[in-house]
Amino acid sequence: MKKNKIFWIVSICLMALYSCSSDNDDSIKFIKKIVETSVNGTSEITLFTYNGNEIVSIDGAKKRTDFTYTDGLINKTVTLNKVNQLLETIEYSYLEGKLVGVESLGNYRIKYIHNSDETVSYEKFTIGSANQQVKEFHGKLYFENENFLKDERILDNTAVGVTSNYSISFDYDTKHNPLYNISGYKKLLDYNEQISSNNSLMSTVITSFSKDDQTTSSANFYTNSFKYNVDNYPIERVSENTVATNGNGGYLKTEYFY
């Protein structure tokens with residue numbers, strides 16, 4: 001009788017564990033393909049390849065980006081065009097699991113400092129001849145509810161007596177951003193809103209220019225509307241007033257396949 005009781009207890013525990021595992025597997029989605037269609041009807045397909053929950057490559061119509069990992073963190077991306085010519089190599093460096101450096105070899109460097117208030121200060125340098133660094137701008141990144149909230153920056157390469165500021169902020173839905181599930185992806189601070197746990201509904205870009213006590217500023221708004229599946233992942237996005245990755249303007253419809 002005692003053996004039967006133990007058998008049923010073990011069986012119930014195993015069934016519960018299997019049920020939880022199945023639920024978790026079903027609830028986590030990874031994008032396999034997106035189709036972008038511009039206002040003039042031009043479409044482009046991008047394919048995503050994974051090894052488990054690690055991204056291997058993102059293969060678009062004009063270029064492919066390959067990712068490499070070290071200890072679960074993305075340490076390098078290599079982007080090539082469609083004849084396998086190298087376009088860009090970016091290396092990522094970390095300290096205690098936090099991103100502290102980004103270097104586009106021969107192009108630019110970004111240095112990050114993680115502050116006690118969970119903001120991140122940063123500086124971007126362009127790389128000139130003889131590997132000389134020229135500071136392009138510096139700024140601060142803000143986060144809220146695992147979302148990339150705002151990037152505020154001051155340009156450093158302006159003329160004497162000129163001050164130029166730039167900021168971009170994001171408003172989000174409460175649904176799942178599937179890119180957030182990719183191992184190490186949310187650490188890539190240079191990817192802006194793509195690393196957030198939710199999907200951006202609107203981005204606001206504000207620029208200001210000051211000289212001789214005169215300030216000129218402007219604001220631009222970029223909106224997205226989504227359709228979702230039963231698991232609250234996007235299956236369609238329509239972007240207004242945007243310039244798409246394929247160079248087409250107006251609006252862009254993006255369809256997601258899992």
# chains A, B, ... in the order shown; residues from 1 in each chain; ligands from 1

$ residues_around --residues "range 180-193 of chain A" --least-positions-apart "6" --cutoff "6 Å" --atoms "only C-alpha atoms" --output "list in words"
Asn53, Glu54, Leu73, Ile74 and Phe148 of chain A

$ write_last_selection --atoms "N, CA, C and O atoms" --output "mmCIF file, in the first residue's frame"
data_model
loop_
_atom_site.group_PDB
_atom_site.id
_atom_site.type_symbol
_atom_site.label_atom_id
_atom_site.label_comp_id
_atom_site.auth_asym_id
_atom_site.auth_seq_id
_atom_site.Cartn_x
_atom_site.Cartn_y
_atom_site.Cartn_z
ATOM 1 N N ASN A 53 18.048 29.004 -28.062
ATOM 2 C CA ASN A 53 17.527 30.366 -27.920
ATOM 3 C C ASN A 53 18.576 31.422 -28.277
ATOM 4 O O ASN A 53 18.410 32.603 -27.972
ATOM 5 N N GLU A 54 19.663 30.997 -28.927
ATOM 6 C CA GLU A 54 20.691 31.924 -29.393
ATOM 7 C C GLU A 54 20.494 32.221 -30.873
ATOM 8 O O GLU A 54 20.270 31.311 -31.676
ATOM 9 N N LEU A 73 26.449 35.399 -23.986
ATOM 10 C CA LEU A 73 26.403 36.809 -24.349
ATOM 11 C C LEU A 73 26.905 36.989 -25.777
ATOM 12 O O LEU A 73 27.864 36.332 -26.202
ATOM 13 N N ILE A 74 26.251 37.881 -26.521
ATOM 14 C CA ILE A 74 26.666 38.157 -27.903
ATOM 15 C C ILE A 74 27.951 38.967 -27.864
ATOM 16 O O ILE A 74 27.982 40.075 -27.314
ATOM 17 N N PHE A 148 13.374 49.964 -22.973
ATOM 18 C CA PHE A 148 14.287 51.057 -23.302
ATOM 19 C C PHE A 148 13.432 52.314 -23.457
ATOM 20 O O PHE A 148 12.721 52.468 -24.443
#

$ select_by_dssp --residues "range 47-255 of chain A" --states "strand (DSSP E or B)" --output "VMD selection string"
chain A and resid 47 to 51 54 to 59 63 to 70 73 to 81 86 to 95 98 to 104 108 to 114 120 to 127 133 to 144 147 to 155 162 to 172 200 to 211 214 to 228 234 to 240 251 to 255

$ residues_around --residues "Gln133 in chain A" --least-positions-apart "4" --cutoff "10 Å" --atoms "only C-alpha atoms" --output "mmCIF file with C-alpha atoms, in the first residue's frame"
data_model
loop_
_atom_site.group_PDB
_atom_site.id
_atom_site.type_symbol
_atom_site.label_atom_id
_atom_site.label_comp_id
_atom_site.auth_asym_id
_atom_site.auth_seq_id
_atom_site.Cartn_x
_atom_site.Cartn_y
_atom_site.Cartn_z
ATOM 1 C CA ASN A 107 34.385 53.037 -37.635
ATOM 2 C CA TYR A 108 33.337 53.923 -34.089
ATOM 3 C CA ARG A 109 33.466 53.015 -30.400
ATOM 4 C CA LYS A 124 30.437 57.595 -28.769
ATOM 5 C CA PHE A 125 33.703 58.173 -30.628
ATOM 6 C CA THR A 126 34.394 58.009 -34.331
ATOM 7 C CA ILE A 127 37.686 56.365 -35.271
ATOM 8 C CA GLY A 128 39.903 58.391 -37.566
ATOM 9 C CA SER A 129 43.255 57.766 -39.176
#

$ closest_residue --among "A:Thr42, A:Asn115, A:Ser169, A:Thr254" --to "Val100 in chain A" --atoms "only C-alpha atoms"
A:Asn115

$ atom_distance --atom1 "CA of His176 in chain A" --atom2 "CA of Tyr233 in chain A"
5.1 Å

$ residues_around --residues "Tyr172 in chain A" --least-positions-apart "5" --cutoff "6 Å" --atoms "only C-alpha atoms" --output "list in words"
Asn199, Ser200 and Leu201 of chain A

$ write_last_selection --atoms "C-alpha atoms" --output "PDB file, in the first residue's frame"
ATOM      1  CA  ASN A 199       6.591  46.603 -28.488  1.00  0.00           C
ATOM      2  CA  SER A 200       7.020  50.286 -29.313  1.00  0.00           C
ATOM      3  CA  LEU A 201       3.764  52.054 -30.196  1.00  0.00           C
TER       4      LEU A 201
END

$ closest_residue --among "A:Ser57, A:Ser239, A:Asn51, A:Ile168" --to "Lys140 in chain A" --atoms "only C-alpha atoms"
A:Ile168

$ closest_residue --among "A:Ala219, A:Thr49, A:Asn81, A:Ser93" --to "Arg64 in chain A" --atoms "only C-alpha atoms"
A:Asn81

$ residues_around --residues "Lys33 in chain A" --least-positions-apart "5" --cutoff "12 Å" --atoms "only C-alpha atoms" --output "PyMOL selection string"
chain A and resi 44-50+57-60+178+235-236+254-258

$ write_last_selection --atoms "all heavy atoms" --output "short mmCIF file (atom, residue, chain, number, x, y, z; two decimals), in the first residue's frame"
data_model
loop_
_atom_site.label_atom_id
_atom_site.label_comp_id
_atom_site.auth_asym_id
_atom_site.auth_seq_id
_atom_site.Cartn_x
_atom_site.Cartn_y
_atom_site.Cartn_z
N GLU A 44 9.99 42.65 -48.96
CA GLU A 44 11.29 42.03 -48.68
C GLU A 44 11.13 41.05 -47.54
O GLU A 44 10.38 41.31 -46.58
CB GLU A 44 12.34 43.08 -48.35
CG GLU A 44 12.73 43.95 -49.53
CD GLU A 44 13.89 44.88 -49.21
OE1 GLU A 44 14.36 44.87 -48.05
OE2 GLU A 44 14.33 45.61 -50.12
N ILE A 45 11.84 39.92 -47.62
CA ILE A 45 11.76 38.86 -46.62
C ILE A 45 13.06 38.82 -45.82
O ILE A 45 14.15 38.91 -46.39
CB ILE A 45 11.51 37.50 -47.29
CG1 ILE A 45 10.14 37.50 -47.98
CG2 ILE A 45 11.59 36.36 -46.27
CD1 ILE A 45 9.87 36.24 -48.79
N THR A 46 12.94 38.67 -44.51
CA THR A 46 14.09 38.49 -43.64
C THR A 46 13.89 37.19 -42.86
O THR A 46 12.82 36.96 -42.28
CB THR A 46 14.25 39.67 -42.67
OG1 THR A 46 14.42 40.87 -43.41
CG2 THR A 46 15.46 39.46 -41.77
N LEU A 47 14.92 36.35 -42.85
CA LEU A 47 14.86 35.05 -42.18
C LEU A 47 15.76 35.05 -40.95
O LEU A 47 16.86 35.60 -40.96
CB LEU A 47 15.30 33.93 -43.13
CG LEU A 47 14.49 33.79 -44.43
CD1 LEU A 47 15.11 32.72 -45.32
CD2 LEU A 47 13.03 33.46 -44.12
N PHE A 48 15.28 34.40 -39.87
CA PHE A 48 16.00 34.32 -38.61
C PHE A 48 16.38 32.86 -38.34
O PHE A 48 15.53 31.97 -38.42
CB PHE A 48 15.15 34.84 -37.46
CG PHE A 48 14.81 36.31 -37.56
CD1 PHE A 48 13.87 36.76 -38.49
CD2 PHE A 48 15.42 37.23 -36.74
CE1 PHE A 48 13.55 38.11 -38.58
CE2 PHE A 48 15.11 38.59 -36.83
CZ PHE A 48 14.18 39.02 -37.75
N THR A 49 17.65 32.62 -38.01
CA THR A 49 18.13 31.28 -37.72
C THR A 49 18.65 31.24 -36.28
O THR A 49 19.33 32.17 -35.83
CB THR A 49 19.26 30.88 -38.68
OG1 THR A 49 18.79 31.00 -40.03
CG2 THR A 49 19.71 29.44 -38.44
N TYR A 50 18.33 30.14 -35.56
CA TYR A 50 18.68 30.02 -34.15
C TYR A 50 19.41 28.71 -33.87
O TYR A 50 19.29 27.74 -34.60
CB TYR A 50 17.42 30.07 -33.28
CG TYR A 50 16.59 31.31 -33.46
CD1 TYR A 50 15.56 31.34 -34.41
CD2 TYR A 50 16.81 32.45 -32.69
CE1 TYR A 50 14.79 32.49 -34.58
CE2 TYR A 50 16.04 33.59 -32.86
CZ TYR A 50 15.03 33.60 -33.81
OH TYR A 50 14.27 34.72 -33.98
N SER A 57 21.81 33.95 -37.17
CA SER A 57 21.90 34.91 -38.27
C SER A 57 20.55 35.56 -38.52
O SER A 57 19.49 34.99 -38.22
CB SER A 57 22.39 34.24 -39.55
OG SER A 57 21.44 33.33 -40.05
N ILE A 58 20.61 36.77 -39.07
CA ILE A 58 19.44 37.48 -39.58
C ILE A 58 19.74 37.78 -41.04
O ILE A 58 20.66 38.55 -41.35
CB ILE A 58 19.16 38.77 -38.80
CG1 ILE A 58 18.89 38.45 -37.32
CG2 ILE A 58 17.97 39.51 -39.40
CD1 ILE A 58 18.70 39.68 -36.45
N ASP A 59 19.00 37.14 -41.94
CA ASP A 59 19.31 37.16 -43.37
C ASP A 59 18.23 37.92 -44.13
O ASP A 59 17.11 37.44 -44.28
CB ASP A 59 19.42 35.72 -43.88
CG ASP A 59 20.02 35.63 -45.27
OD1 ASP A 59 20.37 36.69 -45.83
OD2 ASP A 59 20.15 34.51 -45.79
N GLY A 60 18.58 39.13 -44.58
CA GLY A 60 17.63 39.96 -45.30
C GLY A 60 17.88 39.98 -46.79
O GLY A 60 18.70 39.22 -47.32
N PRO A 178 9.01 39.58 -29.25
CA PRO A 178 9.67 38.27 -29.40
C PRO A 178 11.19 38.36 -29.43
O PRO A 178 11.87 37.37 -29.11
CB PRO A 178 9.12 37.76 -30.74
CG PRO A 178 8.66 38.98 -31.47
CD PRO A 178 8.18 39.92 -30.41
N ILE A 235 1.71 39.80 -34.78
CA ILE A 235 1.71 39.10 -36.07
C ILE A 235 1.72 40.10 -37.22
O ILE A 235 2.01 39.73 -38.36
CB ILE A 235 0.51 38.14 -36.21
CG1 ILE A 235 -0.81 38.88 -36.01
CG2 ILE A 235 0.64 36.98 -35.24
CD1 ILE A 235 -2.04 38.03 -36.28
N GLU A 236 1.42 41.37 -36.90
CA GLU A 236 1.46 42.41 -37.93
C GLU A 236 1.70 43.76 -37.28
O GLU A 236 1.18 44.06 -36.21
CB GLU A 236 0.15 42.45 -38.72
CG GLU A 236 0.14 43.49 -39.84
CD GLU A 236 -1.19 43.52 -40.58
OE1 GLU A 236 -1.46 42.55 -41.32
OE2 GLU A 236 -1.94 44.50 -40.40
N THR A 254 4.70 45.18 -41.58
CA THR A 254 5.60 44.08 -41.25
C THR A 254 4.76 42.91 -40.72
O THR A 254 3.97 43.07 -39.78
CB THR A 254 6.62 44.49 -40.17
OG1 THR A 254 7.36 45.61 -40.63
CG2 THR A 254 7.58 43.35 -39.90
N GLU A 255 4.92 41.74 -41.34
CA GLU A 255 4.24 40.53 -40.89
C GLU A 255 5.26 39.61 -40.22
O GLU A 255 6.37 39.42 -40.73
CB GLU A 255 3.59 39.83 -42.08
CG GLU A 255 2.49 40.64 -42.76
CD GLU A 255 2.02 39.99 -44.04
OE1 GLU A 255 2.67 40.17 -45.08
OE2 GLU A 255 0.99 39.27 -43.98
N TYR A 256 4.85 39.03 -39.08
CA TYR A 256 5.74 38.18 -38.27
C TYR A 256 5.28 36.73 -38.35
O TYR A 256 4.08 36.44 -38.20
CB TYR A 256 5.72 38.63 -36.82
CG TYR A 256 6.16 40.07 -36.58
CD1 TYR A 256 5.25 41.11 -36.70
CD2 TYR A 256 7.48 40.38 -36.23
CE1 TYR A 256 5.63 42.43 -36.48
CE2 TYR A 256 7.87 41.67 -36.01
CZ TYR A 256 6.94 42.70 -36.14
OH TYR A 256 7.32 44.00 -35.92
N PHE A 257 6.23 35.84 -38.55
CA PHE A 257 5.95 34.40 -38.60
C PHE A 257 6.84 33.69 -37.59
O PHE A 257 8.04 33.95 -37.51
CB PHE A 257 6.20 33.86 -40.02
CG PHE A 257 5.34 34.51 -41.07
CD1 PHE A 257 5.76 35.68 -41.71
CD2 PHE A 257 4.11 33.99 -41.42
CE1 PHE A 257 4.98 36.30 -42.67
CE2 PHE A 257 3.32 34.59 -42.39
CZ PHE A 257 3.76 35.75 -43.01
N TYR A 258 6.22 32.75 -36.82
CA TYR A 258 6.93 32.08 -35.73
C TYR A 258 7.09 30.58 -36.02
O TYR A 258 6.37 30.01 -36.81
CB TYR A 258 6.17 32.28 -34.41
CG TYR A 258 6.01 33.74 -34.05
CD1 TYR A 258 4.86 34.45 -34.43
CD2 TYR A 258 7.02 34.41 -33.37
CE1 TYR A 258 4.73 35.80 -34.10
CE2 TYR A 258 6.88 35.76 -33.06
CZ TYR A 258 5.75 36.44 -33.42
OH TYR A 258 5.60 37.77 -33.11
#

$ atom_distance --atom1 "CA of Thr174 in chain A" --atom2 "CA of Leu141 in chain A"
20.9 Å
